[in-house]
Structures are given as structure tokens and as C-alpha cells.
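**Q** run_17.pdb is the file, holding PDB, C-alpha atoms, pLDDT in the B column:
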ATOM      1  CA  MET D   1     -21.663   1.797  -6.170  1.00 72.00           C
ATOM      2  CA  THR D   2     -20.859   2.459  -2.521  1.00 80.00           C
ATOM      3  CA  GLU D   3     -18.853  -0.176  -0.683  1.00 89.00           C
ATOM      4  CA  PHE D   4     -18.008  -0.346   2.978  1.00 90.00           C
ATOM      5  CA  GLY D   5     -14.539  -1.390   4.038  1.00 96.00           C
ATOM      6  CA  TYR D   6     -13.076  -2.550   7.313  1.00 97.00           C
ATOM      7  CA  ALA D   7      -9.997  -1.032   8.954  1.00 97.00           C
ATOM      8  CA  LEU D   8      -7.559  -3.588  10.305  1.00 98.00           C
ATOM      9  CA  SER D   9      -5.563  -1.595  12.862  1.00 97.00           C
ATOM     10  CA  SER D  10      -2.152  -3.205  13.235  1.00 97.00           C
ATOM     11  CA  GLU D  11      -1.366  -0.699  15.981  1.00 97.00           C
ATOM     12  CA  GLU D  12      -4.091  -2.099  18.240  1.00 97.00           C
ATOM     13  CA  HIS D  13      -4.237  -5.833  17.553  1.00 98.00           C
ATOM     14  CA  ALA D  14      -1.931  -8.827  17.588  1.00 98.00           C
ATOM     15  CA  PRO D  15      -1.480 -10.840  14.363  1.00 98.00           C
ATOM     16  CA  ASP D  16      -3.933 -13.611  15.264  1.00 98.00           C
ATOM     17  CA  VAL D  17      -6.586 -11.055  16.203  1.00 98.00           C
ATOM     18  CA  LEU D  18      -6.140  -9.195  12.921  1.00 98.00           C
ATOM     19  CA  ILE D  19      -6.602 -12.423  10.988  1.00 98.00           C
ATOM     20  CA  ARG D  20      -9.712 -13.297  12.976  1.00 98.00           C
ATOM     21  CA  ASN D  21     -11.109  -9.788  12.508  1.00 98.00           C
ATOM     22  CA  ALA D  22     -10.588 -10.006   8.748  1.00 98.00           C
ATOM     23  CA  ARG D  23     -12.512 -13.267   8.608  1.00 98.00           C
ATOM     24  CA  ARG D  24     -15.321 -11.810  10.701  1.00 98.00           C
ATOM     25  CA  ALA D  25     -15.420  -8.684   8.537  1.00 98.00           C
ATOM     26  CA  GLU D  26     -15.928 -10.868   5.471  1.00 98.00           C
ATOM     27  CA  GLU D  27     -18.646 -12.851   7.215  1.00 98.00           C
ATOM     28  CA  ALA D  28     -20.368  -9.592   8.187  1.00 98.00           C
ATOM     29  CA  GLY D  29     -20.521  -8.466   4.566  1.00 97.00           C
ATOM     30  CA  PHE D  30     -17.597  -6.074   4.226  1.00 97.00           C
ATOM     31  CA  THR D  31     -16.211  -6.232   0.692  1.00 97.00           C
ATOM     32  CA  PHE D  32     -12.717  -4.888   1.333  1.00 97.00           C
ATOM     33  CA  ALA D  33     -10.314  -4.080   4.132  1.00 98.00           C
ATOM     34  CA  LEU D  34      -7.247  -1.933   4.655  1.00 98.00           C
ATOM     35  CA  ILE D  35      -4.439  -3.074   6.928  1.00 98.00           C
ATOM     36  CA  SER D  36      -1.926  -0.573   8.263  1.00 97.00           C
ATOM     37  CA  ASP D  37       1.809  -1.039   7.696  1.00 97.00           C
ATOM     38  CA  HIS D  38       3.727   0.529  10.571  1.00 97.00           C
ATOM     39  CA  PHE D  39       6.899  -0.211  12.504  1.00 97.00           C
ATOM     40  CA  HIS D  40       5.572   1.650  15.566  1.00 97.00           C
ATOM     41  CA  PRO D  41       2.047   2.224  16.850  1.00 97.00           C
ATOM     42  CA  TRP D  42       0.826   5.805  16.913  1.00 96.00           C
ATOM     43  CA  ILE D  43       1.036   5.849  20.704  1.00 97.00           C
ATOM     44  CA  ASP D  44       2.538   3.370  23.169  1.00 97.00           C
ATOM     45  CA  ARG D  45      -0.864   2.633  24.692  1.00 97.00           C
ATOM     46  CA  GLN D  46      -1.946   0.911  21.474  1.00 98.00           C
ATOM     47  CA  GLY D  47       0.773  -1.623  22.109  1.00 97.00           C
ATOM     48  CA  GLN D  48       1.028  -3.540  18.811  1.00 98.00           C
ATOM     49  CA  SER D  49       2.628  -3.320  15.371  1.00 98.00           C
ATOM     50  CA  PRO D  50       3.194  -6.706  13.700  1.00 98.00           C
ATOM     51  CA  PHE D  51       4.960  -7.163  10.357  1.00 98.00           C
ATOM     52  CA  VAL D  52       2.142  -6.606   7.914  1.00 98.00           C
ATOM     53  CA  TRP D  53       3.295  -8.962   5.157  1.00 98.00           C
ATOM     54  CA  SER D  54       3.223 -11.958   7.493  1.00 98.00           C
ATOM     55  CA  VAL D  55      -0.270 -11.031   8.669  1.00 98.00           C
ATOM     56  CA  ILE D  56      -1.505 -10.714   5.073  1.00 98.00           C
ATOM     57  CA  GLY D  57      -0.430 -14.300   4.477  1.00 98.00           C
ATOM     58  CA  GLY D  58      -2.654 -15.409   7.341  1.00 98.00           C
ATOM     59  CA  ILE D  59      -5.573 -13.317   6.070  1.00 98.00           C
ATOM     60  CA  ALA D  60      -5.178 -14.811   2.596  1.00 98.00           C
ATOM     61  CA  GLU D  61      -5.716 -18.278   4.070  1.00 98.00           C
ATOM     62  CA  ALA D  62      -8.544 -17.239   6.396  1.00 98.00           C
ATOM     63  CA  THR D  63     -10.710 -15.408   3.826  1.00 98.00           C
ATOM     64  CA  GLU D  64     -12.183 -16.236   0.441  1.00 98.00           C
ATOM     65  CA  GLY D  65     -13.609 -13.092  -1.141  1.00 97.00           C
ATOM     66  CA  LEU D  66     -12.465 -10.130   0.943  1.00 98.00           C
ATOM     67  CA  ARG D  67     -10.341  -7.660  -1.010  1.00 98.00           C
ATOM     68  CA  LEU D  68      -7.365  -6.495   1.000  1.00 98.00           C
ATOM     69  CA  GLY D  69      -4.870  -3.696   0.620  1.00 98.00           C
ATOM     70  CA  THR D  70      -2.134  -2.078   2.636  1.00 98.00           C
ATOM     71  CA  GLY D  71      -3.295   1.187   4.088  1.00 97.00           C
ATOM     72  CA  VAL D  72      -0.616   2.246   3.448  1.00 98.00           C
ATOM     73  CA  THR D  73       2.907   1.030   2.734  1.00 98.00           C
ATOM     74  CA  CYS D  74       5.823   3.438   2.406  1.00 98.00           C
ATOM     75  CA  PRO D  75       8.024   1.801  -0.280  1.00 98.00           C
ATOM     76  CA  MET D  76      10.779   4.361   0.024  1.00 96.00           C
ATOM     77  CA  MET D  77      13.035   4.301   3.074  1.00 96.00           C
ATOM     78  CA  ARG D  78      12.442   1.614   5.696  1.00 96.00           C
ATOM     79  CA  THR D  79      11.803  -0.912   2.911  1.00 97.00           C
ATOM     80  CA  HIS D  80      13.310  -0.735  -0.576  1.00 98.00           C
ATOM     81  CA  PRO D  81      10.742  -0.679  -3.414  1.00 98.00           C
ATOM     82  CA  ALA D  82      12.209  -3.867  -4.900  1.00 98.00           C
ATOM     83  CA  ILE D  83      11.318  -5.718  -1.698  1.00 98.00           C
ATOM     84  CA  ILE D  84       7.821  -4.227  -1.691  1.00 98.00           C
ATOM     85  CA  ALA D  85       7.440  -5.320  -5.318  1.00 98.00           C
ATOM     86  CA  GLN D  86       8.240  -8.910  -4.335  1.00 98.00           C
ATOM     87  CA  ALA D  87       6.058  -8.838  -1.211  1.00 98.00           C
ATOM     88  CA  ALA D  88       3.040  -7.412  -3.031  1.00 98.00           C
ATOM     89  CA  ALA D  89       3.442  -9.843  -5.933  1.00 98.00           C
ATOM     90  CA  THR D  90       3.428 -12.744  -3.491  1.00 98.00           C
ATOM     91  CA  CYS D  91       0.305 -11.443  -1.746  1.00 98.00           C
ATOM     92  CA  ALA D  92      -1.460 -11.023  -5.087  1.00 98.00           C
ATOM     93  CA  ALA D  93      -0.496 -14.585  -6.025  1.00 98.00           C
ATOM     94  CA  MET D  94      -2.052 -15.853  -2.779  1.00 98.00           C
ATOM     95  CA  MET D  95      -5.170 -13.685  -3.180  1.00 98.00           C
ATOM     96  CA  PRO D  96      -5.957 -13.734  -6.919  1.00 98.00           C
ATOM     97  CA  GLY D  97      -7.870 -10.633  -7.935  1.00 97.00           C
ATOM     98  CA  ARG D  98      -8.376  -9.416  -4.377  1.00 98.00           C
ATOM     99  CA  PHE D  99      -5.151  -7.755  -3.239  1.00 98.00           C
ATOM    100  CA  PHE D 100      -4.212  -4.135  -3.911  1.00 98.00           C
ATOM    101  CA  LEU D 101      -1.073  -2.277  -2.919  1.00 98.00           C
ATOM    102  CA  GLY D 102      -1.692   0.980  -1.094  1.00 98.00           C
ATOM    103  CA  VAL D 103       1.337   3.260  -0.986  1.00 98.00           C
ATOM    104  CA  GLY D 104       2.139   6.633   0.507  1.00 98.00           C
ATOM    105  CA  SER D 105       4.992   8.951   1.360  1.00 97.00           C
ATOM    106  CA  GLY D 106       5.266   7.696   4.933  1.00 96.00           C
ATOM    107  CA  GLU D 107       5.635   9.208   8.377  1.00 95.00           C
ATOM    108  CA  ASN D 108       8.801   9.989  10.309  1.00 96.00           C
ATOM    109  CA  LEU D 109       7.291   7.916  13.130  1.00 96.00           C
ATOM    110  CA  ASN D 110       8.127   4.751  11.206  1.00 96.00           C
ATOM    111  CA  GLU D 111      10.858   5.687   8.766  1.00 96.00           C
ATOM    112  CA  HIS D 112      13.319   7.305  11.206  1.00 96.00           C
ATOM    113  CA  ILE D 113      14.325   3.875  12.530  1.00 97.00           C
ATOM    114  CA  ILE D 114      16.916   3.427   9.773  1.00 96.00           C
ATOM    115  CA  ALA D 115      18.705   6.532  11.100  1.00 94.00           C
ATOM    116  CA  THR D 116      18.538   8.700   8.014  1.00 93.00           C
ATOM    117  CA  TYR D 117      17.180  12.203   7.562  1.00 93.00           C
ATOM    118  CA  TRP D 118      13.486  12.861   6.998  1.00 96.00           C
ATOM    119  CA  PRO D 119      13.069  14.497   3.564  1.00 97.00           C
ATOM    120  CA  PRO D 120      10.674  17.380   2.917  1.00 96.00           C
ATOM    121  CA  THR D 121       7.331  16.687   1.257  1.00 96.00           C
ATOM    122  CA  ASP D 122       8.383  17.485  -2.314  1.00 97.00           C
ATOM    123  CA  VAL D 123      11.352  15.127  -2.082  1.00 98.00           C
ATOM    124  CA  ARG D 124       9.250  12.347  -0.573  1.00 98.00           C
ATOM    125  CA  LEU D 125       6.749  12.643  -3.411  1.00 98.00           C
ATOM    126  CA  GLU D 126       9.600  12.356  -5.925  1.00 98.00           C
ATOM    127  CA  MET D 127      10.856   9.280  -4.064  1.00 98.00           C
ATOM    128  CA  LEU D 128       7.381   7.749  -4.070  1.00 98.00           C
ATOM    129  CA  GLU D 129       6.983   8.283  -7.799  1.00 98.00           C
ATOM    130  CA  GLU D 130      10.308   6.602  -8.529  1.00 98.00           C
ATOM    131  CA  ALA D 131       9.536   3.795  -6.069  1.00 98.00           C
ATOM    132  CA  VAL D 132       6.300   3.000  -7.922  1.00 98.00           C
ATOM    133  CA  GLU D 133       8.267   3.050 -11.176  1.00 98.00           C
ATOM    134  CA  VAL D 134      10.640   0.444  -9.725  1.00 98.00           C
ATOM    135  CA  ILE D 135       7.754  -1.723  -8.524  1.00 98.00           C
ATOM    136  CA  ARG D 136       6.042  -1.705 -11.900  1.00 98.00           C
ATOM    137  CA  LEU D 137       9.345  -2.377 -13.682  1.00 98.00           C
ATOM    138  CA  LEU D 138       9.927  -5.528 -11.647  1.00 98.00           C
ATOM    139  CA  TRP D 139       6.338  -6.644 -12.114  1.00 98.00           C
ATOM    140  CA  GLN D 140       6.981  -6.852 -15.850  1.00 97.00           C
ATOM    141  CA  GLY D 141       8.915 -10.062 -15.270  1.00 97.00           C
ATOM    142  CA  GLY D 142      12.363 -10.934 -16.503  1.00 97.00           C
ATOM    143  CA  THR D 143      15.630  -9.532 -15.215  1.00 98.00           C
ATOM    144  CA  GLU D 144      15.563  -5.780 -14.733  1.00 98.00           C
ATOM    145  CA  SER D 145      17.950  -3.037 -13.624  1.00 98.00           C
ATOM    146  CA  HIS D 146      17.228   0.544 -12.624  1.00 98.00           C
ATOM    147  CA  ARG D 147      19.492   3.527 -12.029  1.00 98.00           C
ATOM    148  CA  GLY D 148      17.490   6.424 -10.719  1.00 98.00           C
ATOM    149  CA  ARG D 149      17.883   9.484  -8.580  1.00 98.00           C
ATOM    150  CA  TYR D 150      16.901   7.701  -5.382  1.00 98.00           C
ATOM    151  CA  TYR D 151      16.995   3.961  -6.090  1.00 98.00           C
ATOM    152  CA  SER D 152      19.177   1.419  -7.818  1.00 98.00           C
ATOM    153  CA  VAL D 153      18.244  -2.130  -8.774  1.00 98.00           C
ATOM    154  CA  ASP D 154      20.777  -4.526 -10.234  1.00 98.00           C
ATOM    155  CA  ASN D 155      19.742  -7.551 -12.306  1.00 98.00           C
ATOM    156  CA  ALA D 156      16.666  -8.338 -10.216  1.00 98.00           C
ATOM    157  CA  ARG D 157      13.884 -10.700 -11.179  1.00 98.00           C
ATOM    158  CA  ILE D 158      10.670 -11.513  -9.345  1.00 98.00           C
ATOM    159  CA  TYR D 159       9.972 -15.151 -10.095  1.00 98.00           C
ATOM    160  CA  THR D 160       6.632 -15.446  -8.280  1.00 98.00           C
ATOM    161  CA  LEU D 161       4.235 -13.170 -10.104  1.00 98.00           C
ATOM    162  CA  PRO D 162       0.417 -13.318 -10.002  1.00 98.00           C
ATOM    163  CA  GLN D 163      -1.589 -13.909 -13.154  1.00 96.00           C
ATOM    164  CA  GLU D 164      -3.239 -10.536 -12.510  1.00 97.00           C
ATOM    165  CA  LEU D 165      -1.037  -7.736 -11.198  1.00 98.00           C
ATOM    166  CA  PRO D 166      -2.475  -5.860  -8.228  1.00 98.00           C
ATOM    167  CA  PRO D 167      -3.594  -2.262  -8.699  1.00 98.00           C
ATOM    168  CA  ILE D 168      -1.635   0.430  -6.903  1.00 98.00           C
ATOM    169  CA  TYR D 169      -3.630   2.929  -4.868  1.00 98.00           C
ATOM    170  CA  VAL D 170      -1.881   6.080  -3.670  1.00 98.00           C
ATOM    171  CA  ALA D 171      -2.603   7.906  -0.428  1.00 97.00           C
ATOM    172  CA  ALA D 172      -3.144  11.647  -0.560  1.00 96.00           C
ATOM    173  CA  GLY D 173      -3.923  14.314   1.986  1.00 91.00           C
ATOM    174  CA  GLY D 174      -3.516  17.384  -0.182  1.00 91.00           C
ATOM    175  CA  THR D 175      -3.497  18.578  -3.772  1.00 92.00           C
ATOM    176  CA  LYS D 176       0.168  17.786  -4.506  1.00 94.00           C
ATOM    177  CA  SER D 177      -0.121  14.176  -3.408  1.00 96.00           C
ATOM    178  CA  ALA D 178      -3.545  13.864  -5.059  1.00 95.00           C
ATOM    179  CA  SER D 179      -2.069  15.047  -8.348  1.00 96.00           C
ATOM    180  CA  LEU D 180       0.670  12.426  -8.039  1.00 97.00           C
ATOM    181  CA  ALA D 181      -1.914   9.767  -7.172  1.00 96.00           C
ATOM    182  CA  GLY D 182      -3.812  10.589 -10.342  1.00 96.00           C
ATOM    183  CA  ARG D 183      -0.679  10.252 -12.469  1.00 96.00           C
ATOM    184  CA  ILE D 184       0.792   7.051 -11.038  1.00 97.00           C
ATOM    185  CA  GLY D 185      -2.053   5.204  -9.308  1.00 97.00           C
ATOM    186  CA  GLU D 186      -5.170   3.280 -10.198  1.00 96.00           C
ATOM    187  CA  GLY D 187      -6.928   4.494  -7.094  1.00 95.00           C
ATOM    188  CA  LEU D 188      -6.905   7.069  -4.318  1.00 96.00           C
ATOM    189  CA  ILE D 189      -6.710   6.411  -0.580  1.00 96.00           C
ATOM    190  CA  ALA D 190      -7.784   9.260   1.682  1.00 93.00           C
ATOM    191  CA  THR D 191      -8.914   9.666   5.263  1.00 89.00           C
ATOM    192  CA  ALA D 192     -11.933  11.692   4.103  1.00 86.00           C
ATOM    193  CA  PRO D 193     -13.644  12.394   0.739  1.00 82.00           C
ATOM    194  CA  VAL D 194     -12.387  15.980   0.498  1.00 88.00           C
ATOM    195  CA  LYS D 195     -13.735  17.509  -2.716  1.00 90.00           C
ATOM    196  CA  GLU D 196     -10.507  19.276  -3.714  1.00 91.00           C
ATOM    197  CA  THR D 197      -8.432  16.136  -3.200  1.00 92.00           C
ATOM    198  CA  VAL D 198     -10.763  13.960  -5.269  1.00 91.00           C
ATOM    199  CA  GLU D 199     -10.996  16.564  -8.047  1.00 92.00           C
ATOM    200  CA  GLU D 200      -7.211  16.863  -8.222  1.00 93.00           C
ATOM    201  CA  PHE D 201      -6.928  13.094  -8.447  1.00 93.00           C
ATOM    202  CA  GLU D 202      -9.565  12.869 -11.177  1.00 91.00           C
ATOM    203  CA  GLY D 203      -8.007  15.706 -13.116  1.00 90.00           C
ATOM    204  CA  ASN D 204      -4.637  13.998 -13.361  1.00 80.00           C
ATOM    205  CA  GLY D 205      -5.543  10.414 -14.129  1.00 64.00           C
ATOM    206  CA  VAL D 206      -8.371   7.917 -14.108  1.00 55.00           C
ATOM    207  CA  PRO D 207     -11.753   8.717 -12.515  1.00 48.00           C
ATOM    208  CA  ALA D 208     -11.699   8.211  -8.754  1.00 41.00           C
ATOM    209  CA  SER D 209     -14.759   5.954  -8.586  1.00 40.00           C
ATOM    210  CA  PRO D 210     -14.858   3.054  -7.831  1.00 36.00           C
ATOM    211  CA  ALA D 211     -11.237   2.993  -6.719  1.00 43.00           C
ATOM    212  CA  THR D 212     -11.424   5.701  -4.098  1.00 44.00           C
ATOM    213  CA  VAL D 213     -10.981   4.407  -0.571  1.00 48.00           C
ATOM    214  CA  SER D 214     -11.680   6.603   2.442  1.00 43.00           C
TER     215      SER D 214
END
For the structure just supplied, provide its representation as C-alpha cells.

**A**
Amino acid sequence: MTEFGYALSSEEHAPDVLIRNARRAEEAGFTFALISDHFHPWIDRQGQSPFVWSVIGGIAEATEGLRLGTGVTCPMMRTHPAIIAQAAATCAAMMPGRFFLGVGSGENLNEHIIATYWPPTDVRLEMLEEAVEVIRLLWQGGTESHRGRYYSVDNARIYTLPQELPPIYVAAGGTKSASLAGRIGEGLIATAPVKETVEEFEGNGVPASPATVS
């Protein structure tokens, strides 16, 4: 079944406008929306970039059936995966059955702000895989610790968990990231339905449909 989603561009709209646009998208018949998670807009002329997790809270209150996901969050550098795990769990608790976490390996545009080096693609994909592992570990409930190659978590517990955990969709723009998406994600996020990308995703995990978002 084909669904049409709505793009909530955080780079172009203030928080109140994004919330209003999400409500209007639902009223117009869109079944899902993606909201971007950036620290900076792509270009200065766009002029906006609000903190996405605050905006999602407003959208949760303003809508009733619209499914919403981050398109996409980088849970690796600017924000530790343990914090993303808590943020996404809270959003899923506010939007039962209609929030999904979209993740990706990020852009230097946003991640350089913490003044660390920008890793090459292969390293970023390793970081993303471990970050998703951390998120899912904390979503199990209870007190958890993790000692990995890139991340450490010490005796952390997420107390506010949804009854239904949100699916994790992984962004991919090539075969390497699509292969990773198939292994660690429940869905694929892509800017276009490129045949090779979708086939790589399907060949390494669950079938892409209906969880493929373009």
C-alpha cells in the first residue's frame, strides 16, 4: 500500500509553524510525517533550526493519528545515544503506536559544533550500529551498562518507557548504509527509491515494504 508523507522542514519553519503544519497535514489526509533534526539549517537563508524533541512534544498534543518520525537523528556525536534513547521513549509514550525513530550517520554541518573530528564513512557506520545497540539496550528497561568501542553507559535506566517500543528506521544513501539498515533497522529512509539501495536493504534484513520512507 502506498502512503504519502509530509516533510516538516525544521530548517525553514519556527516551532509553532511546524506544529501547525503537522496538524494541517493530518487534516489533509497525510498518514505520516518526517521532521528533520538539525543544529544548523542547510543555508543561512532558511533561517530556522529549532530543537526537534521540543517540537515533537507540541506535535504530539496537536495531532491524533499522524505517525511521526525524525528524519533523521544522528545519535552518535552531538547527542549521546543514551539521551536519544530517553528522548525517543518519551515521544513514543506521548504518541502511542505512532512515533518512529529515524537515525542516520549525520552530517558535518551539524556534528562539528562539539569540536571533534569528522570520522570517515566506515567509522560513522560502526558508530551508528553501536549507538542503535545502546538505544535498544536501554529500551529493555532496568538498569543497564555498556562498554563499547565508541560509547559507554554506566548504570542507566529509562523509567518512562512506552507500552509499545518505537521502530527504528535507518537512513541510507548507498549500498553500505543500506546493508547496515537491513541488519539493524525495521525500516529504510531514503531520499529516493533507488533500486540498488532498496535491494541491499531487503537482502540484509526485513522486506522494505511497508517501512520504506522516501

**Q** Could you spell out the hits of the PyMOL selection byres ((chain D and resi 137) around 12) on the shown file, as a PyMOL selection string?

**A** chain D and resi 81-82+85-86+130-136+138-147+153+155-158+165

**Q** Run the PyMOL selection byres ((chain D and resi 172-174) around 9) on the file and write out the hits as a list of chain:residue names.

**A**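 Against this file, the PyMOL selection byres ((chain D and resi 172-174) around 9) returns the residues D:Gly104, D:Ser105, D:Val170, D:Ala171, D:Thr175, D:Lys176, D:Ser177, D:Ala178, D:Ser179, D:Leu180, D:Ala181, D:Leu188, D:Ile189, D:Ala190, D:Thr191, D:Ala192, D:Val194, D:Glu196, D:Thr197, D:Glu200, D:Phe201.
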
**Q** With segment 36-41 of chain D as the partner and 10 Å as the cut-off, tabulate the residues of segment 75-161 of chain D that qualify, each row holding the nearest pair of atoms and their distance in Å to one decimal, using only C-alpha atoms, sorted by chain and rising number, as CSV.

**A**
residue,atom,partner,partner_atom,distance
D:Arg78,CA,D:Phe39,CA,9.0
D:Gly102,CA,D:Ser36,CA,9.5
D:Val103,CA,D:Asp37,CA,9.7
D:Gly106,CA,D:His38,CA,9.2
D:Glu107,CA,D:His38,CA,9.2
D:Leu109,CA,D:His40,CA,6.9
D:Asn110,CA,D:Phe39,CA,5.3
D:Glu111,CA,D:Phe39,CA,8.0
D:His112,CA,D:Phe39,CA,10.0
D:Ile113,CA,D:Phe39,CA,8.5

**Q** With distances taken over all atoms listed in the file, which of D:Leu18, D:Ile59, D:Leu68, D:Val52 is nearest to Ala33 of chain D?

**A**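 Nearest to Ala33 of chain D: D:Leu68.
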
**Q** Could you state the separation of atom CA of Phe32 of chain D and atom CA of Ala7 of chain D in Å, given to one decimal place?

**A**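 Between atom CA of Phe32 of chain D and atom CA of Ala7 of chain D the gap works out to 9.0 Å.
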
**Q** Name the residues in contact with Met94 of chain D at a cut-off of 9 Å, using only C-alpha atoms, excluding same-chain residues fewer than 6 positions from it; report them as a list in words.

**A** Gly57, Ala60, Glu61 and Pro162 of chain D

**Q** Rank nothing, just name the residue among D:Phe51, D:Phe100, D:Phe30, D:Tyr151 nearest to Gly185 of chain D, using only C-alpha atoms.

**A**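 Under the stated criterion, the closest residue is D:Phe100.
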
**Q** So which residues are close to (-20.1, 7.0, -1.6), meaning at most 9 Å away in the file's coordinates with all atoms listed in the file counted, and can you show them as an mmCIF file with C-alpha atoms, in the frame of the given file?

**A**
data_model
loop_
_atom_site.group_PDB
_atom_site.id
_atom_site.type_symbol
_atom_site.label_atom_id
_atom_site.label_comp_id
_atom_site.auth_asym_id
_atom_site.auth_seq_id
_atom_site.Cartn_x
_atom_site.Cartn_y
_atom_site.Cartn_z
ATOM 1 C CA MET D 1 -21.663 1.797 -6.170
ATOM 2 C CA THR D 2 -20.859 2.459 -2.521
ATOM 3 C CA GLU D 3 -18.853 -0.176 -0.683
ATOM 4 C CA PHE D 4 -18.008 -0.346 2.978
ATOM 5 C CA PRO D 193 -13.644 12.394 0.739
ATOM 6 C CA SER D 209 -14.759 5.954 -8.586
#

**Q** Report, in Å with one decimal, the straight-line distance from atom CA of Pro166 of chain D to atom CA of Met77 of chain D.

**A** 21.7 Å

**Q** Write out as an mmCIF file with C-alpha atoms, in the frame of the given file each polymer residue whose atoms come within 10 Å of Ser54 of chain D, counting only C-alpha atoms; drop sequence neighbours fewer than 5 positions from it.

**A**
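File written: selection-v7.cif
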data_model
loop_
_atom_site.group_PDB
_atom_site.id
_atom_site.type_symbol
_atom_site.label_atom_id
_atom_site.label_comp_id
_atom_site.auth_asym_id
_atom_site.auth_seq_id
_atom_site.Cartn_x
_atom_site.Cartn_y
_atom_site.Cartn_z
ATOM 1 C CA PRO D 15 -1.480 -10.840 14.363
ATOM 2 C CA ILE D 59 -5.573 -13.317 6.070
ATOM 3 C CA ALA D 87 6.058 -8.838 -1.211
ATOM 4 C CA CYS D 91 0.305 -11.443 -1.746
#

**Q** Could you list, as a PDB file with C-alpha atoms, keeping the file's coordinate frame, every residue matched by the PyMOL selection byres ((chain D and resi 16) around 12) in this structure?

**A**
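Contents of selection.pdb, freshly written:
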ATOM      1  CA  LEU D   8      -7.559  -3.588  10.305  1.00 98.00           C
ATOM      2  CA  SER D  10      -2.152  -3.205  13.235  1.00 97.00           C
ATOM      3  CA  GLU D  12      -4.091  -2.099  18.240  1.00 97.00           C
ATOM      4  CA  HIS D  13      -4.237  -5.833  17.553  1.00 98.00           C
ATOM      5  CA  ALA D  14      -1.931  -8.827  17.588  1.00 98.00           C
ATOM      6  CA  PRO D  15      -1.480 -10.840  14.363  1.00 98.00           C
ATOM      7  CA  VAL D  17      -6.586 -11.055  16.203  1.00 98.00           C
ATOM      8  CA  LEU D  18      -6.140  -9.195  12.921  1.00 98.00           C
ATOM      9  CA  ILE D  19      -6.602 -12.423  10.988  1.00 98.00           C
ATOM     10  CA  ARG D  20      -9.712 -13.297  12.976  1.00 98.00           C
ATOM     11  CA  ASN D  21     -11.109  -9.788  12.508  1.00 98.00           C
ATOM     12  CA  ALA D  22     -10.588 -10.006   8.748  1.00 98.00           C
ATOM     13  CA  ARG D  23     -12.512 -13.267   8.608  1.00 98.00           C
ATOM     14  CA  GLN D  48       1.028  -3.540  18.811  1.00 98.00           C
ATOM     15  CA  PRO D  50       3.194  -6.706  13.700  1.00 98.00           C
ATOM     16  CA  VAL D  52       2.142  -6.606   7.914  1.00 98.00           C
ATOM     17  CA  SER D  54       3.223 -11.958   7.493  1.00 98.00           C
ATOM     18  CA  VAL D  55      -0.270 -11.031   8.669  1.00 98.00           C
ATOM     19  CA  ILE D  56      -1.505 -10.714   5.073  1.00 98.00           C
ATOM     20  CA  GLY D  57      -0.430 -14.300   4.477  1.00 98.00           C
ATOM     21  CA  GLY D  58      -2.654 -15.409   7.341  1.00 98.00           C
ATOM     22  CA  ILE D  59      -5.573 -13.317   6.070  1.00 98.00           C
ATOM     23  CA  ALA D  62      -8.544 -17.239   6.396  1.00 98.00           C
TER      24      ALA D  62
END
